[in-house]
$ cat input_33.json   # JSON, C-alpha atoms
[["chain", "number", "residue", "atom", "x", "y", "z"],
["J", 1, "MET", "CA", -164.72, -122.45, -120.07],
["J", 2, "ARG", "CA", -164.83, -120.01, -122.97],
["J", 3, "ILE", "CA", -167.55, -117.54, -123.91],
["J", 4, "ALA", "CA", -167.60, -119.02, -127.43],
["J", 5, "GLN", "CA", -168.48, -122.40, -125.91],
["J", 6, "ILE", "CA", -171.33, -120.86, -123.91],
["J", 7, "LYS", "CA", -172.57, -119.12, -127.05],
["J", 8, "SER", "CA", -172.57, -122.40, -128.99],
["J", 9, "PHE", "CA", -174.39, -124.17, -126.17],
["J", 10, "LEU", "CA", -177.11, -121.49, -126.01],
["J", 11, "ALA", "CA", -177.48, -121.42, -129.80],
["J", 12, "ILE", "CA", -178.18, -125.19, -129.78],
["J", 13, "VAL", "CA", -180.68, -124.68, -126.95],
["J", 14, "ASP", "CA", -182.48, -122.01, -128.98],
["J", 15, "THR", "CA", -182.44, -123.78, -132.36],
["J", 16, "GLY", "CA", -182.62, -127.46, -131.38],
["J", 17, "SER", "CA", -179.72, -128.75, -133.50],
["J", 18, "VAL", "CA", -176.04, -128.25, -134.21],
["J", 19, "ALA", "CA", -176.74, -127.48, -137.87],
["J", 20, "ALA", "CA", -179.30, -124.80, -137.07],
["J", 21, "ALA", "CA", -177.05, -123.32, -134.39],
["J", 22, "ALA", "CA", -174.18, -123.16, -136.89],
["J", 23, "ARG", "CA", -176.37, -121.25, -139.35],
["J", 24, "ALA", "CA", -177.51, -118.84, -136.62],
["J", 25, "LEU", "CA", -173.92, -118.17, -135.55],
["J", 26, "GLY", "CA", -172.52, -118.03, -139.06],
["J", 27, "GLN", "CA", -170.09, -120.85, -138.25],
["J", 28, "SER", "CA", -169.44, -124.39, -139.51],
["J", 29, "ARG", "CA", -171.11, -127.40, -137.91],
["J", 30, "THR", "CA", -167.68, -128.68, -136.95],
["J", 31, "THR", "CA", -166.86, -125.51, -135.04],
["J", 32, "VAL", "CA", -170.12, -125.57, -133.07],
["J", 33, "SER", "CA", -169.88, -129.30, -132.38],
["J", 34, "THR", "CA", -166.27, -128.96, -131.23],
["J", 35, "SER", "CA", -167.19, -126.05, -128.89],
["J", 36, "LEU", "CA", -169.99, -128.13, -127.35],
["J", 37, "SER", "CA", -167.76, -131.16, -126.87],
["J", 38, "ALA", "CA", -165.04, -129.06, -125.26],
["J", 39, "LEU", "CA", -167.57, -127.53, -122.86],
["J", 40, "GLU", "CA", -168.96, -130.95, -121.91],
["J", 41, "ASP", "CA", -165.45, -132.31, -121.37],
["J", 42, "GLU", "CA", -164.51, -129.40, -119.14],
["J", 43, "LEU", "CA", -167.70, -129.64, -117.08],
["J", 44, "GLY", "CA", -167.64, -133.46, -117.05],
["J", 45, "VAL", "CA", -171.33, -133.77, -117.96],
["J", 46, "THR", "CA", -173.54, -134.45, -120.99],
["J", 47, "LEU", "CA", -175.57, -131.37, -121.81],
["J", 48, "PHE", "CA", -177.85, -132.79, -124.53],
["J", 49, "GLN", "CA", -179.69, -136.01, -125.31],
["J", 50, "ARG", "CA", -180.62, -136.86, -128.88],
["J", 51, "SER", "CA", -184.34, -137.19, -129.67],
["J", 52, "GLY", "CA", -184.83, -138.00, -133.37],
["J", 53, "ASN", "CA", -183.28, -135.18, -135.33],
["J", 54, "ARG", "CA", -183.29, -132.81, -132.38],
["J", 55, "LEU", "CA", -181.10, -132.36, -129.35],
["J", 56, "GLU", "CA", -182.90, -132.04, -126.05],
["J", 57, "LEU", "CA", -181.36, -130.72, -122.88],
["J", 58, "SER", "CA", -180.24, -133.26, -120.31],
["J", 59, "PRO", "CA", -181.35, -132.59, -116.72],
["J", 60, "VAL", "CA", -178.06, -130.93, -115.86],
["J", 61, "GLY", "CA", -178.06, -129.04, -119.17],
["J", 62, "GLY", "CA", -181.47, -127.61, -118.36],
["J", 63, "ALA", "CA", -180.27, -126.66, -114.89],
["J", 64, "ILE", "CA", -177.47, -124.43, -116.18],
["J", 65, "VAL", "CA", -179.26, -122.65, -119.07],
["J", 66, "THR", "CA", -180.28, -119.62, -116.98],
["J", 67, "ASP", "CA", -176.78, -119.27, -115.54],
["J", 68, "CYS", "CA", -175.28, -119.50, -119.02],
["J", 69, "ARG", "CA", -177.61, -116.79, -120.30],
["J", 70, "ARG", "CA", -176.54, -114.53, -117.43],
["J", 71, "LEU", "CA", -172.91, -115.26, -118.23],
["J", 72, "GLN", "CA", -173.49, -114.40, -121.89],
["J", 73, "GLN", "CA", -175.17, -111.12, -120.92],
["J", 74, "VAL", "CA", -172.27, -110.15, -118.67],
["J", 75, "ALA", "CA", -169.78, -111.01, -121.42],
["J", 76, "ASP", "CA", -171.74, -108.91, -123.92],
["J", 77, "GLN", "CA", -171.82, -106.00, -121.47],
["J", 78, "ILE", "CA", -168.06, -106.21, -120.89],
["J", 79, "GLN", "CA", -167.45, -106.23, -124.63],
["J", 80, "SER", "CA", -169.85, -103.30, -125.12],
["J", 81, "ARG", "CA", -168.16, -101.24, -122.41],
["J", 82, "CYS", "CA", -164.73, -101.85, -123.89],
["J", 83, "LEU", "CA", -165.93, -100.92, -127.39],
["J", 84, "HIS", "CA", -167.58, -97.82, -125.91],
["J", 85, "HIS", "CA", -164.24, -96.81, -124.38],
["J", 86, "LEU", "CA", -162.29, -97.48, -127.57],
["J", 87, "THR", "CA", -164.62, -95.34, -129.70],
["J", 88, "GLY", "CA", -164.35, -92.43, -127.25],
["J", 89, "ALA", "CA", -168.14, -92.25, -126.83],
["J", 90, "GLU", "CA", -169.46, -90.25, -123.91],
["J", 91, "SER", "CA", -170.31, -92.22, -120.77],
["J", 92, "GLN", "CA", -172.80, -89.51, -119.72],
["J", 93, "LEU", "CA", -174.53, -86.83, -121.75],
["J", 94, "ARG", "CA", -176.60, -83.94, -120.41],
["J", 95, "ILE", "CA", -179.05, -82.52, -122.94],
["J", 96, "ALA", "CA", -181.27, -79.46, -122.78],
["J", 97, "ARG", "CA", -183.86, -78.93, -125.50],
["J", 98, "ASP", "CA", -187.00, -77.07, -126.33],
["J", 99, "ASP", "CA", -190.16, -78.77, -127.59],
["J", 100, "SER", "CA", -190.31, -77.32, -131.09],
["J", 101, "LEU", "CA", -190.22, -80.88, -132.44],
["J", 102, "PRO", "CA", -192.90, -83.49, -131.60],
["J", 103, "GLU", "CA", -192.13, -85.66, -128.58],
["J", 104, "SER", "CA", -192.39, -88.78, -130.76],
["J", 105, "VAL", "CA", -189.36, -87.56, -132.75],
["J", 106, "TRP", "CA", -187.23, -87.30, -129.61],
["J", 107, "ARG", "CA", -188.41, -90.65, -128.24],
["J", 108, "ASP", "CA", -187.44, -92.39, -131.47],
["J", 109, "LEU", "CA", -184.14, -90.49, -131.66],
["J", 110, "LEU", "CA", -183.11, -91.45, -128.12],
["J", 111, "ARG", "CA", -184.19, -95.04, -128.63],
["J", 112, "ARG", "CA", -181.94, -95.33, -131.70],
["J", 113, "MET", "CA", -179.14, -93.53, -129.90],
["J", 114, "LYS", "CA", -179.24, -96.08, -127.06],
["J", 115, "THR", "CA", -179.08, -98.87, -129.62],
["J", 116, "GLN", "CA", -176.01, -97.27, -131.18],
["J", 117, "PHE", "CA", -174.39, -96.26, -127.85],
["J", 118, "PRO", "CA", -175.86, -98.59, -125.20],
["J", 119, "GLN", "CA", -173.36, -97.54, -122.52],
["J", 120, "THR", "CA", -174.11, -93.82, -122.74],
["J", 121, "SER", "CA", -176.39, -92.53, -119.98],
["J", 122, "VAL", "CA", -178.47, -89.50, -120.96],
["J", 123, "SER", "CA", -180.29, -86.85, -118.94],
["J", 124, "VAL", "CA", -182.73, -84.57, -120.80],
["J", 125, "TYR", "CA", -183.98, -81.21, -119.53],
["J", 126, "LEU", "CA", -186.86, -79.40, -121.22],
["J", 127, "ALA", "CA", -186.54, -75.61, -121.34],
["J", 128, "ALA", "CA", -187.72, -72.60, -123.30],
["J", 129, "PRO", "CA", -185.40, -71.65, -126.21],
["J", 130, "GLN", "CA", -184.29, -68.45, -124.46],
["J", 131, "GLU", "CA", -182.92, -70.47, -121.51],
["J", 132, "LEU", "CA", -180.79, -72.86, -123.55],
["J", 133, "PRO", "CA", -177.66, -70.72, -124.14],
["J", 134, "ARG", "CA", -177.29, -69.93, -120.45],
["J", 135, "LEU", "CA", -177.55, -73.62, -119.51],
["J", 136, "VAL", "CA", -174.63, -74.38, -121.82],
["J", 137, "GLU", "CA", -172.66, -71.35, -120.64],
["J", 138, "ARG", "CA", -173.03, -72.43, -116.99],
["J", 139, "GLN", "CA", -171.98, -75.96, -118.02],
["J", 140, "ALA", "CA", -175.22, -77.28, -116.55],
["J", 141, "VAL", "CA", -175.62, -79.28, -119.78],
["J", 142, "ASP", "CA", -173.28, -80.52, -122.49],
["J", 143, "VAL", "CA", -175.44, -79.63, -125.48],
["J", 144, "ALA", "CA", -178.68, -77.78, -126.18],
["J", 145, "TYR", "CA", -181.06, -78.23, -129.10],
["J", 146, "GLY", "CA", -183.80, -75.87, -130.22],
["J", 147, "LEU", "CA", -184.87, -72.66, -131.90],
["J", 148, "LEU", "CA", -182.05, -70.69, -130.33],
["J", 149, "PRO", "CA", -182.32, -66.88, -130.23],
["J", 150, "GLN", "CA", -180.18, -65.11, -132.83],
["J", 151, "SER", "CA", -179.02, -62.54, -130.27],
["J", 152, "MET", "CA", -177.26, -65.06, -128.03],
["J", 153, "SER", "CA", -173.56, -64.67, -127.22],
["J", 154, "LEU", "CA", -171.64, -67.63, -128.59],
["J", 155, "GLY", "CA", -168.60, -67.24, -126.32],
["J", 156, "TYR", "CA", -166.79, -70.56, -126.13],
["J", 157, "HIS", "CA", -169.80, -72.49, -127.44],
["J", 158, "HIS", "CA", -169.90, -74.36, -130.73],
["J", 159, "LEU", "CA", -173.01, -73.65, -132.77],
["J", 160, "ARG", "CA", -174.25, -76.18, -135.33],
["J", 161, "GLU", "CA", -177.13, -74.98, -137.49],
["J", 162, "ILE", "CA", -179.19, -78.06, -138.26],
["J", 163, "ALA", "CA", -182.23, -76.87, -140.24],
["J", 164, "ASP", "CA", -184.48, -73.90, -140.95],
["J", 165, "VAL", "CA", -187.93, -74.25, -139.41],
["J", 166, "ARG", "CA", -191.00, -72.47, -140.69],
["J", 167, "MET", "CA", -192.94, -70.53, -138.07],
["J", 168, "HIS", "CA", -196.63, -69.64, -138.40],
["J", 169, "THR", "CA", -198.96, -67.27, -136.61],
["J", 170, "VAL", "CA", -202.03, -69.43, -136.03],
["J", 171, "ALA", "CA", -205.43, -69.48, -134.39],
["J", 172, "ALA", "CA", -208.09, -72.10, -133.91],
["J", 173, "SER", "CA", -210.36, -72.50, -136.93],
["J", 174, "GLU", "CA", -213.33, -70.99, -135.04],
["J", 175, "HIS", "CA", -211.37, -68.08, -133.54],
["J", 176, "PRO", "CA", -212.40, -64.63, -134.85],
["J", 177, "LEU", "CA", -208.91, -64.00, -136.29],
["J", 178, "ALA", "CA", -209.14, -67.16, -138.41],
["J", 179, "ARG", "CA", -212.31, -65.85, -140.05],
["J", 180, "LEU", "CA", -210.98, -62.43, -141.06],
["J", 181, "PRO", "CA", -210.06, -62.03, -144.75],
["J", 182, "ARG", "CA", -207.17, -59.79, -143.70],
["J", 183, "VAL", "CA", -205.61, -59.44, -140.26],
["J", 184, "THR", "CA", -203.92, -56.20, -139.19],
["J", 185, "GLN", "CA", -201.73, -55.43, -136.18],
["J", 186, "ASP", "CA", -204.70, -53.70, -134.57],
["J", 187, "ASP", "CA", -206.69, -56.95, -134.92],
["J", 188, "LEU", "CA", -203.95, -58.88, -133.14],
["J", 189, "VAL", "CA", -203.88, -56.43, -130.24],
["J", 190, "LEU", "CA", -207.60, -56.92, -129.69],
["J", 191, "HIS", "CA", -207.12, -60.62, -128.93],
["J", 192, "THR", "CA", -205.10, -62.57, -126.37],
["J", 193, "GLN", "CA", -201.64, -63.58, -127.51],
["J", 194, "ILE", "CA", -200.31, -67.00, -126.46],
["J", 195, "THR", "CA", -196.54, -66.73, -126.16],
["J", 196, "LEU", "CA", -193.49, -68.30, -124.53],
["J", 197, "ALA", "CA", -192.37, -67.71, -120.96],
["J", 198, "TYR", "CA", -188.79, -68.14, -119.78],
["J", 199, "LEU", "CA", -186.57, -67.45, -116.79],
["J", 200, "GLY", "CA", -184.31, -64.46, -117.35],
["J", 201, "ASP", "CA", -182.15, -63.00, -114.57],
["J", 202, "SER", "CA", -184.16, -65.01, -112.02],
["J", 203, "ASN", "CA", -187.44, -63.48, -113.17],
["J", 204, "LEU", "CA", -190.16, -65.12, -115.27],
["J", 205, "ARG", "CA", -190.59, -63.19, -118.50],
["J", 206, "ALA", "CA", -192.80, -63.34, -121.56],
["J", 207, "ALA", "CA", -190.98, -63.62, -124.87],
["J", 208, "SER", "CA", -191.60, -60.60, -127.11],
["J", 209, "PRO", "CA", -195.32, -60.07, -126.48],
["J", 210, "GLU", "CA", -196.94, -57.89, -129.13],
["J", 211, "THR", "CA", -199.80, -56.91, -126.83],
["J", 212, "ALA", "CA", -200.31, -56.29, -123.12],
["J", 213, "ASN", "CA", -202.99, -58.98, -123.21],
["J", 214, "TYR", "CA", -201.13, -62.30, -123.24],
["J", 215, "LEU", "CA", -200.75, -65.73, -121.67],
["J", 216, "ALA", "CA", -197.18, -67.02, -121.49],
["J", 217, "PHE", "CA", -196.10, -70.66, -121.07],
["J", 218, "THR", "CA", -192.69, -72.37, -121.02],
["J", 219, "GLN", "CA", -193.52, -74.92, -123.73],
["J", 220, "PHE", "CA", -194.64, -74.75, -127.36],
["J", 221, "GLU", "CA", -196.89, -77.77, -126.79],
["J", 222, "ILE", "CA", -198.87, -75.98, -124.09],
["J", 223, "MET", "CA", -199.09, -72.90, -126.30],
["J", 224, "ARG", "CA", -200.44, -75.04, -129.15],
["J", 225, "ASP", "CA", -203.08, -76.69, -126.97],
["J", 226, "VAL", "CA", -204.24, -73.34, -125.54],
["J", 227, "VAL", "CA", -204.49, -71.88, -129.04],
["J", 228, "MET", "CA", -206.56, -74.87, -130.20],
["J", 229, "GLU", "CA", -208.95, -74.19, -127.31],
["J", 230, "GLU", "CA", -209.68, -70.79, -128.98],
["J", 231, "THR", "CA", -208.15, -68.85, -126.08],
["J", 232, "GLY", "CA", -205.95, -66.76, -128.33],
["J", 233, "TRP", "CA", -203.44, -66.68, -131.18],
["J", 234, "GLY", "CA", -199.77, -67.67, -131.17],
["J", 235, "ASP", "CA", -196.55, -68.15, -133.12],
["J", 236, "LEU", "CA", -195.70, -71.85, -133.42],
["J", 237, "PRO", "CA", -193.17, -74.06, -135.30],
["J", 238, "LEU", "CA", -194.55, -76.03, -138.23],
["J", 239, "PRO", "CA", -193.29, -79.50, -137.09],
["J", 240, "LEU", "CA", -195.43, -79.19, -133.98],
["J", 241, "ILE", "CA", -198.63, -78.08, -135.73],
["J", 242, "ALA", "CA", -198.45, -79.68, -139.20],
["J", 243, "GLU", "CA", -201.08, -82.33, -138.51],
["J", 244, "HIS", "CA", -203.42, -79.79, -136.89],
["J", 245, "LEU", "CA", -203.13, -77.48, -139.90],
["J", 246, "ALA", "CA", -203.85, -80.42, -142.18],
["J", 247, "SER", "CA", -206.93, -81.40, -140.16],
["J", 248, "GLY", "CA", -208.23, -77.83, -140.09],
["J", 249, "ARG", "CA", -208.14, -77.45, -136.30],
["J", 250, "LEU", "CA", -205.59, -74.65, -136.70],
["J", 251, "ARG", "CA", -205.30, -72.00, -139.41],
["J", 252, "VAL", "CA", -202.56, -69.62, -140.40],
["J", 253, "ILE", "CA", -204.08, -66.18, -140.02],
["J", 254, "ARG", "CA", -204.09, -63.80, -143.00],
["J", 255, "HIS", "CA", -201.49, -61.42, -141.68],
["J", 256, "PRO", "CA", -198.62, -60.08, -143.85],
["J", 257, "GLU", "CA", -196.02, -61.48, -141.41],
["J", 258, "ALA", "CA", -197.77, -64.69, -140.43],
["J", 259, "THR", "CA", -194.98, -66.89, -141.84],
["J", 260, "TRP", "CA", -191.24, -66.67, -141.28],
["J", 261, "TRP", "CA", -188.24, -68.88, -140.52],
["J", 262, "MET", "CA", -186.13, -69.72, -137.48],
["J", 263, "THR", "CA", -183.06, -71.94, -137.30],
["J", 264, "PHE", "CA", -183.05, -75.16, -135.27],
["J", 265, "SER", "CA", -179.54, -75.46, -133.88],
["J", 266, "ALA", "CA", -177.29, -77.41, -131.56],
["J", 267, "LEU", "CA", -175.21, -75.44, -129.07],
["J", 268, "GLU", "CA", -172.33, -77.57, -127.80],
["J", 269, "ALA", "CA", -170.08, -76.94, -124.82],
["J", 270, "ASP", "CA", -166.33, -77.32, -125.34],
["J", 271, "GLN", "CA", -166.26, -80.73, -123.63],
["J", 272, "ALA", "CA", -169.00, -82.06, -125.92],
["J", 273, "HIS", "CA", -167.94, -80.63, -129.27],
["J", 274, "GLY", "CA", -167.02, -83.32, -131.77],
["J", 275, "ARG", "CA", -167.74, -86.20, -129.42],
["J", 276, "PRO", "CA", -169.31, -89.32, -131.02],
["J", 277, "VAL", "CA", -172.78, -89.24, -129.42],
["J", 278, "VAL", "CA", -173.28, -85.50, -129.87],
["J", 279, "THR", "CA", -172.14, -85.80, -133.50],
["J", 280, "TRP", "CA", -174.50, -88.73, -134.05],
["J", 281, "LEU", "CA", -177.45, -86.80, -132.59],
["J", 282, "GLY", "CA", -176.78, -83.79, -134.80],
["J", 283, "ASN", "CA", -176.54, -85.97, -137.90],
["J", 284, "ALA", "CA", -179.73, -87.84, -136.97],
["J", 285, "LEU", "CA", -181.61, -84.56, -136.54],
["J", 286, "GLU", "CA", -180.37, -83.29, -139.90],
["J", 287, "THR", "CA", -181.56, -86.53, -141.51],
["J", 288, "TRP", "CA", -184.99, -86.18, -139.90],
["J", 289, "PHE", "CA", -185.43, -82.62, -141.18],
["J", 290, "THR", "CA", -184.26, -83.67, -144.67],
["J", 291, "GLU", "CA", -186.84, -86.46, -144.73],
["J", 292, "GLN", "CA", -189.59, -84.02, -143.72],
["J", 293, "GLY", "CA", -188.87, -81.80, -146.68],
["J", 294, "ASP", "CA", -190.11, -78.23, -146.35],
["J", 295, "CYS", "CA", -190.50, -77.64, -142.58]]
$ encode --input "input_33.json" --output "structure tokens"
Amino acid sequence: MRIAQIKSFLAIVDTGSVAAAARALGQSRTTVSTSLSALEDELGVTLFQRSGNRLELSPVGGAIVTDCRRLQQVADQIQSRCLHHLTGAESQLRIARDDSLPESVWRDLLRRMKTQFPQTSVSVYLAAPQELPRLVERQAVDVAYGLLPQSMSLGYHHLREIADVRMHTVAASEHPLARLPRVTQDDLVLHTQITLAYLGDSNLRAASPETANYLAFTQFEIMRDVVMEETGWGDLPLPLIAEHLASGRLRVIRHPEATWWMTFSALEADQAHGRPVVTWLGNALETWFTEQGDC
């Protein structure tokens, strides 16, 4: 019994005729018919009965359809695993990332990655940007993605700069800072700053607060939501707030340094550098940023 014979049998089941099955498989009618006949001869049974222009399953044919589908799935999995091995794709990948990009972007990216590399298992850890280099250095993860600090030590890591990301200092549209025609540093100090928190040397720290009055969180998304609740002002990446700026729920405050750029990068450990899945992810992220235009 050959897998090609099982495939022909299932194609006839799904399409109802040898001709339609041949079209679906991209084969000749003779090839499909010969595969079916060989399977019936080997099993010693008739798998189909003719009804007009269609072929209908015989009782024994109907009884083995589920088993044949399982057999086809196992065969496909074996073939996929072997191809995975031949391409050198990673069997497991440990990713750390920040949340400077919308979650929907990552969900779509990982869905497409699993389609491209179905045998690669992936673990994803969400962390503040300041924590990412240390996770790679400790080999806790294979690759990290995010707005990595410029002051990090590269060491044995491989840094791939993927795109420049525009950062904005924003406040909710009804916040006092959003109403000022010009915002000074003294104005900022008078209001609560919403900033990032991260673990550094086993202690929880706030990332570069410009005032002693702040709330610090480990995720940009939480920062964004707190800012939209008019609790304070914060520095946030454009991809995460673009729709809220467009709707008017958030506003870029009128401060001389309310807009600047950071680089979204991939930091790869030695064992991950140049590997197929990591390379694919980096290329896919570059494509996404290119399609977004001015981020």
$ closest_residue --input "input_33.json" --among "J:Glu291, J:Asp225, J:Asp98, J:Glu90" --to "J:Glu131" --atoms "only C-alpha atoms"
J:Asp98
$ closest_residue --input "input_33.json" --among "J:Pro102, J:Pro129, J:Gly44, J:Gly26" --to "J:Leu267" --atoms "all atoms listed in the file"
J:Pro129
$ closest_residue --input "input_33.json" --among "J:Trp233, J:Glu137, J:Leu101, J:Leu43" --to "J:Val165" --atoms "only C-alpha atoms"
J:Leu101
$ residues_near_point --input "input_33.json" --point "(-172.7, -79.1, -118.3)" --cutoff "9 Å" --atoms "all atoms listed in the file" --output "ChimeraX atom specification"
/J:93-95,135-143,269,271-272
$ write_last_selection --input "input_33.json" --atoms "C-alpha atoms" --output "compact mmCIF listing (two decimals), in the coordinates of the input"
# COMPACT_ATOMS: atom_id res chain seq x y z
CA LEU J 93 -174.53 -86.83 -121.75
CA ARG J 94 -176.60 -83.94 -120.41
CA ILE J 95 -179.05 -82.52 -122.94
CA LEU J 135 -177.55 -73.62 -119.51
CA VAL J 136 -174.63 -74.38 -121.82
CA GLU J 137 -172.66 -71.35 -120.64
CA ARG J 138 -173.03 -72.43 -116.99
CA GLN J 139 -171.98 -75.96 -118.02
CA ALA J 140 -175.22 -77.28 -116.55
CA VAL J 141 -175.62 -79.28 -119.78
CA ASP J 142 -173.28 -80.52 -122.49
CA VAL J 143 -175.44 -79.63 -125.48
CA ALA J 269 -170.08 -76.94 -124.82
CA GLN J 271 -166.26 -80.73 -123.63
CA ALA J 272 -169.00 -82.06 -125.92
$ atom_distance --input "input_33.json" --atom1 "atom CA of J:Lys7" --atom2 "atom CA of J:Leu36"
9.4 Å
